[in-house]
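File shown: my_file-v7.txt. Contents: compact mmCIF, C-alpha atoms.
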```txt
# COMPACT_ATOMS: atom_id res chain seq x y z
CA MET A 1 61.62 137.01 126.54
CA LYS A 2 64.25 134.36 126.96
CA ARG A 3 66.11 133.60 123.72
CA SER A 4 66.85 130.00 122.97
CA TRP A 5 70.28 128.56 122.54
CA ASN A 6 71.63 128.23 118.99
CA PRO A 7 73.14 124.72 118.81
CA ARG A 8 73.81 124.86 115.06
CA LEU A 9 76.61 127.32 115.62
CA TRP A 10 78.35 125.10 118.14
CA ALA A 11 77.75 121.94 116.14
CA GLY A 12 79.16 123.67 113.05
CA PHE A 13 82.26 124.82 114.90
CA ALA A 14 82.78 121.38 116.46
CA LEU A 15 82.51 119.87 112.99
CA VAL A 16 85.15 122.29 111.67
CA ILE A 17 87.55 120.99 114.35
CA VAL A 18 86.66 117.37 113.58
CA GLY A 19 86.86 118.00 109.83
CA ILE A 20 90.42 119.32 110.18
CA LEU A 21 91.85 117.05 112.88
CA SER A 22 90.50 113.85 111.33
CA TYR A 23 92.86 114.35 108.38
CA PRO A 24 96.23 114.04 110.18
CA THR A 25 94.91 111.58 112.77
CA PHE A 26 92.75 109.29 110.67
CA PHE A 27 92.13 109.88 106.97
CA ILE A 28 95.87 110.18 106.22
CA ARG A 29 96.16 106.44 106.86
CA PHE A 30 94.28 105.49 103.72
CA PRO A 31 95.62 106.44 100.27
CA ALA A 32 92.05 106.94 98.99
CA THR A 33 91.30 109.65 101.57
CA ARG A 34 94.87 111.01 101.77
CA ASP A 35 95.71 111.68 98.12
CA PHE A 36 92.66 113.92 97.87
CA PRO A 37 90.96 114.91 101.16
CA TRP A 38 87.39 114.50 99.91
CA ALA A 39 86.19 113.06 103.24
CA ASN A 40 87.43 116.16 105.07
CA LEU A 41 85.97 118.48 102.43
CA LEU A 42 82.56 116.82 102.94
CA LEU A 43 82.78 117.29 106.72
CA LEU A 44 83.83 120.92 106.28
CA ALA A 45 81.01 121.57 103.80
CA LEU A 46 78.51 120.25 106.34
CA ALA A 47 80.16 122.42 109.01
CA ALA A 48 79.85 125.49 106.78
CA TYR A 49 76.17 124.74 106.23
CA LEU A 50 75.51 124.45 109.99
CA LEU A 51 77.42 127.65 110.77
CA ALA A 52 75.59 129.54 108.00
CA ALA A 53 72.22 128.25 109.19
CA GLY A 54 73.04 129.18 112.80
CA LEU A 55 74.19 132.67 111.85
CA ARG A 56 71.12 133.22 109.72
CA ARG A 57 68.87 132.38 112.64
CA ALA A 58 70.84 134.58 114.99
CA PHE A 59 70.67 137.63 112.71
CA ARG A 60 67.22 137.20 111.19
CA ARG A 61 65.39 136.28 114.38
CA PRO A 62 67.50 137.80 117.16
CA GLN A 63 64.47 137.93 119.50
CA GLU A 64 64.25 134.13 119.38
CA TYR A 65 67.85 132.96 119.02
CA ARG A 66 71.13 133.81 120.60
CA GLY A 67 74.42 133.82 118.74
CA LYS A 68 75.02 137.15 116.99
CA VAL A 69 78.28 137.66 118.84
CA THR A 70 79.37 134.07 119.54
CA GLY A 71 78.29 133.05 116.06
CA THR A 72 80.42 135.74 114.45
CA ILE A 73 83.40 134.77 116.59
CA LEU A 74 82.99 131.02 115.86
CA ALA A 75 82.53 131.62 112.14
CA SER A 76 85.63 133.85 111.87
CA LEU A 77 87.68 131.35 113.84
CA SER A 78 86.45 128.60 111.51
CA VAL A 79 87.47 130.58 108.42
CA LEU A 80 90.96 131.04 109.87
CA LEU A 81 91.34 127.36 110.81
CA VAL A 82 90.06 126.10 107.47
CA GLY A 83 92.31 128.59 105.67
CA PHE A 84 95.32 127.25 107.54
CA PHE A 85 94.29 123.64 106.83
CA PHE A 86 93.84 124.31 103.11
CA GLU A 87 97.19 126.09 102.97
CA GLN A 88 98.86 123.03 104.50
CA ILE A 89 97.23 120.41 102.30
CA PHE A 90 96.93 122.29 99.01
CA TYR A 91 99.98 124.56 99.05
CA VAL A 92 102.67 123.59 101.59
CA SER A 93 102.47 119.88 100.73
CA ARG A 94 103.23 120.75 97.09
CA GLN A 95 106.43 122.67 97.84
CA VAL A 96 108.57 119.61 97.16
CA PRO A 97 112.04 120.01 95.57
CA ALA A 98 112.16 118.88 91.94
CA SER A 99 115.10 116.50 92.61
CA LEU A 100 116.34 116.69 89.04
CA GLY A 101 119.60 115.01 90.06
CA ALA A 102 117.91 111.91 91.50
CA PRO A 103 118.86 108.58 89.88
CA ARG A 104 116.71 107.84 86.84
CA ALA A 105 115.46 104.65 85.29
CA GLY A 106 118.34 102.95 83.47
CA GLN A 107 121.07 104.41 85.68
CA ILE A 108 123.12 102.46 88.19
CA ALA A 109 122.06 103.49 91.68
CA PRO A 110 124.86 105.08 93.74
CA ASP A 111 125.92 102.63 96.44
CA PHE A 112 125.36 103.50 100.08
CA ALA A 113 125.97 102.27 103.61
CA LEU A 114 123.20 103.02 106.11
CA THR A 115 122.37 101.85 109.61
CA ASP A 116 119.62 99.35 110.38
CA THR A 117 117.63 99.23 113.63
CA SER A 118 120.19 96.96 115.30
CA GLY A 119 122.98 99.48 114.56
CA ALA A 120 124.54 97.37 111.80
CA SER A 121 125.71 98.96 108.58
CA VAL A 122 123.90 97.80 105.44
CA THR A 123 125.09 98.56 101.92
CA LEU A 124 122.99 98.57 98.79
CA SER A 125 125.01 95.67 97.36
CA THR A 126 124.49 93.56 100.52
CA LEU A 127 120.80 94.23 100.21
CA LEU A 128 120.65 92.99 96.67
CA ASN A 129 123.05 90.10 97.14
CA SER A 130 121.69 88.62 100.34
CA PRO A 131 119.50 85.52 100.22
CA PHE A 132 115.81 86.31 100.25
CA GLY A 133 113.56 84.36 102.56
CA THR A 134 110.93 86.95 103.36
CA ASN A 135 111.08 90.67 103.92
CA ASP A 136 112.14 90.12 107.54
CA TRP A 137 115.49 91.63 108.38
CA PRO A 138 118.17 90.30 108.97
CA PRO A 139 117.61 87.97 106.04
CA LYS A 140 117.04 84.31 106.65
CA GLY A 141 116.78 81.83 103.86
CA ASP A 142 118.37 79.53 101.38
CA PRO A 143 121.43 81.27 99.85
CA ARG A 144 120.31 80.06 96.44
CA ASP A 145 117.09 82.01 96.88
CA LYS A 146 118.28 85.29 95.45
CA THR A 147 116.84 88.72 95.97
CA ALA A 148 115.19 89.79 92.71
CA ALA A 149 114.80 93.51 93.34
CA ALA A 150 114.57 96.15 96.03
CA VAL A 151 112.15 99.01 96.47
CA LEU A 152 113.66 101.95 98.34
CA ILE A 153 111.08 104.16 100.00
CA PHE A 154 112.51 107.52 101.03
CA TYR A 155 110.19 109.31 103.46
CA ARG A 156 110.10 112.38 105.66
CA GLY A 157 110.42 110.59 108.99
CA TYR A 158 108.16 110.61 112.00
CA TRP A 159 110.02 112.42 114.76
CA MET B 1 104.18 102.66 104.64
CA ARG B 2 101.14 100.93 106.11
CA SER B 3 99.99 99.99 102.63
CA PHE B 4 103.39 98.40 101.88
CA GLN B 5 103.19 96.37 105.09
CA LYS B 6 99.73 95.14 104.08
CA LYS B 7 101.00 94.05 100.66
CA LEU B 8 104.25 92.55 102.01
CA PRO B 9 103.30 88.95 101.10
CA GLU B 10 103.14 90.02 97.45
CA PHE B 11 106.62 91.55 97.70
CA ASP B 12 107.83 88.34 99.41
CA ALA B 13 106.38 86.22 96.61
CA ARG B 14 108.36 88.21 94.03
CA ARG B 15 111.47 88.38 96.26
CA ILE B 16 111.42 92.17 96.29
CA ARG B 17 113.17 93.61 99.34
CA VAL B 18 111.22 96.55 100.82
CA VAL B 19 113.41 99.21 102.43
CA ALA B 20 112.35 102.43 104.17
CA ILE B 21 114.93 105.23 104.42
CA SER B 22 114.72 108.47 106.42
CA VAL B 23 116.74 110.76 108.70
CA ASP B 24 115.21 109.11 111.79
CA SER B 25 117.74 107.43 114.10
CA PRO B 26 118.00 103.62 114.40
CA ARG B 27 116.36 103.89 117.83
CA GLU B 28 113.44 105.87 116.48
CA ASN B 29 113.07 103.42 113.61
CA ASP B 30 113.14 100.50 116.03
CA HIS B 31 110.39 102.14 118.07
CA LEU B 32 108.29 102.88 114.98
CA ARG B 33 108.62 99.31 113.71
CA LYS B 34 107.42 98.01 117.06
CA ILE B 35 104.46 100.33 117.58
CA ALA B 36 103.30 100.24 113.97
CA GLY B 37 104.05 96.55 113.35
CA TYR B 38 106.34 97.04 110.36
CA SER B 39 108.45 93.95 109.70
CA PHE B 40 110.51 95.16 106.74
CA LEU B 41 113.89 96.88 106.85
CA PHE B 42 114.27 100.46 108.06
CA LEU B 43 117.55 102.29 107.42
CA SER B 44 118.75 105.50 109.05
CA ASP B 45 120.46 108.31 107.20
CA GLU B 46 120.74 110.62 110.19
CA LYS B 47 123.08 113.09 108.51
CA ALA B 48 121.11 112.89 105.25
CA GLN B 49 124.32 112.06 103.37
CA VAL B 50 122.74 109.49 101.05
CA ILE B 51 119.57 111.57 100.78
CA ARG B 52 121.70 114.55 99.68
CA LYS B 53 123.76 112.45 97.27
CA TRP B 54 120.58 111.14 95.66
CA ASP B 55 119.29 114.75 95.38
CA LEU B 56 116.29 113.96 97.59
CA LEU B 57 116.95 116.55 100.29
CA HIS B 58 114.06 118.75 101.35
CA PRO B 59 115.85 121.42 103.40
CA HIS B 60 114.25 122.63 106.66
CA ALA B 61 111.04 120.72 105.95
CA GLY B 62 111.06 118.57 109.07
CA MET B 63 110.25 119.19 112.70
CA ALA B 64 112.02 122.30 114.01
CA GLY B 65 113.42 123.05 110.57
CA ALA B 66 115.42 119.86 110.21
CA ASP B 67 116.51 118.66 106.77
CA VAL B 68 114.52 115.60 105.71
CA ALA B 69 114.05 113.47 102.60
CA ARG B 70 111.32 114.36 100.15
CA PRO B 71 109.13 111.30 99.50
CA ALA B 72 110.49 109.17 96.64
CA GLU B 73 110.36 105.52 95.63
CA PHE B 74 112.89 103.58 93.53
CA LEU B 75 112.69 100.05 92.17
CA LEU B 76 116.17 98.56 91.64
CA ASP B 77 116.95 95.25 90.02
CA SER B 78 119.61 92.84 91.27
CA THR B 79 122.32 94.60 89.21
CA GLU B 80 121.67 97.85 91.15
CA THR B 81 120.10 99.42 88.09
CA VAL B 82 117.17 101.74 88.67
CA ARG B 83 114.16 100.34 86.83
CA TRP B 84 111.34 102.58 88.02
CA VAL B 85 111.15 105.88 89.90
CA ALA B 86 108.33 107.81 91.58
CA LEU B 87 109.07 111.42 92.51
CA THR B 88 105.86 112.94 93.81
CA ASP B 89 105.22 116.67 93.59
CA ASP B 90 102.90 116.57 96.63
CA TYR B 91 104.19 114.95 99.79
CA LEU B 92 100.70 113.82 100.71
CA VAL B 93 100.53 111.73 97.53
CA ARG B 94 102.88 108.73 97.63
CA ALA B 95 103.46 105.76 95.38
CA ARG B 96 101.16 102.87 96.21
CA PRO B 97 102.49 99.31 96.56
CA GLU B 98 100.34 98.22 93.62
CA GLN B 99 102.26 100.60 91.34
CA VAL B 100 105.59 99.10 92.39
CA LEU B 101 104.33 95.54 91.91
CA GLN B 102 102.96 96.51 88.51
CA ALA B 103 106.30 98.05 87.49
CA PHE B 104 108.12 94.90 88.63
CA ASP B 105 105.74 92.63 86.74
CA ALA B 106 106.13 94.71 83.59
CA ILE B 107 109.91 94.18 83.74
CA ASN B 108 109.74 90.53 84.83
CA PRO B 109 106.85 88.90 82.97
CA ARG B 110 105.89 85.67 84.65
CA ASN B 111 105.64 82.68 82.34
```
Take the structure in the file and give it back as structure tokens.
Amino acid sequence: MKRSWNPRLWAGFALVIVGILSYPTFFIRFPATRDFPWANLLLLALAAYLLAAGLRRAFRRPQEYRGKVTGTILASLSVLLVGFFFEQIFYVSRQVPASLGAPRAGQIAPDFALTDTSGASVTLSTLLNSPFGTNDWPPKGDPRDKTAAAVLIFYRGYW
Amino acid sequence: MRSFQKKLPEFDARRIRVVAISVDSPRENDHLRKIAGYSFLFLSDEKAQVIRKWDLLHPHAGMAGADVARPAEFLLDSTETVRWVALTDDYLVRARPEQVLQAFDAINPRN
């Protein structure tokens, strides 16, 4: 008797891949799905259900369905991939230095000179003392229109 | 960063200068600004000197083990005094622009 194909296993594995890759490529763009990866957890829960259902069919009714071997391989691979993903988003991302020496509220910020995208040097005092038109840089605007504040966003970089 | 770009008109209205700082080179920053459509200022700290001085260094955490900045946000007033700080303990969780605007409004109540 010819055993039928077991698409749940493949769909489940495909969903594991989608559930993981959609975090760095898509869901990371929105604070609501980045701060806690609930969208990815939902996708992975659905993937786990499909894989479990496929495996169950393969082992309970092996005369009818294929997938005892491929299913086991796909499920183990999924466990490894999801384990790695969880390690990255729940453990590695939290290994951030405490930065106890960072400037605190009330302190004067240490001055700096850094390079803008045109290669020009920009100091903190220039930033705060240049006229403010809009956030475009270099600043254009009425010199009487003073900059009220600056928000410095330190980030990890993209390259 | 995208969320700050989206809220940029609100920063403009309050005359708050938005500045992004990382170890990326000026050329890389220029490229990023173009492809991502960021119009605010990007500054390069390629040797992480300022990042180190501000105790924001995250050693070997970048690509190929490079030293990078840990995510952090500071609101400074015009006298260079720090008025508000966000030091996340999870680099996937960053300060949102609304928090910065709220902090600014709490310090500068509008009549």
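All residues of protein, DNA or RNA that reach within 12 Å of Arg33 (chain B), judged by all atoms listed in the file and not counting those fewer than 3 positions away in the chain, are Asp116, Thr117, Ser118, Asp136, Trp137 and Tyr158 of chain A; Met1, Arg2, Gln5, Ala20, Asp24, Pro26, Arg27, Glu28, Asn29, Asp30, Ala36, Gly37, Tyr38, Ser39, Phe40, Leu41, Phe42 and Leu43 of chain B.
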For Ser3 (chain B), the nearest of the candidates B:Ala61, B:Val100, B:Ala48, B:Leu32, counting only C-alpha atoms: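 Comparing B:Ala61, B:Val100, B:Ala48, B:Leu32 against Ser3 (chain B), the winner is B:Val100.
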I need the residue nearest chain A from this list: B:Ala103, B:Leu87, B:Val93, B:Ile51. Use all atoms listed in the file for the distance.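 Closest residue, counting all atoms listed in the file: B:Val93.
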Residues at most 6 Å from Val16 (chain A), counting only C-alpha atoms, excluding those fewer than 2 positions away in the same chain, as a PyMOL selection string? chain A and resi 13-14+18-19+44+47
Within 7 Å of chain A, which residues belong to chain B? Use all atoms listed in the file and report them as a PyMOL selection string. chain B and resi 12+15-24+26-27+29-30+39-45+50+54-56+58+68-78+80-85+89-93
Distance of CA of Thr123 (chain A) from CA of Lys47 (chain B), expressed in Å to one decimal place: 16.1 Å
Computed interatomic separation between CA of Asn40 (chain A) and CA of Phe59 (chain A) (Å): 28.3 Å
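What separates CA of Ser22 (chain A) from CA of Glu98 (chain B) is a distance of 25.6 Å.
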Report the centre and edge lengths, in Å to one decimal, of an axis-aligned box enclosing every atom of region 128-144 of chain A listed in the file, padded by 8 Å on each side, as JSON.
```
{"center_x": 117.0, "center_y": 86.3, "center_z": 102.7, "size_x": 28.1, "size_y": 29.5, "size_z": 28.5}
```
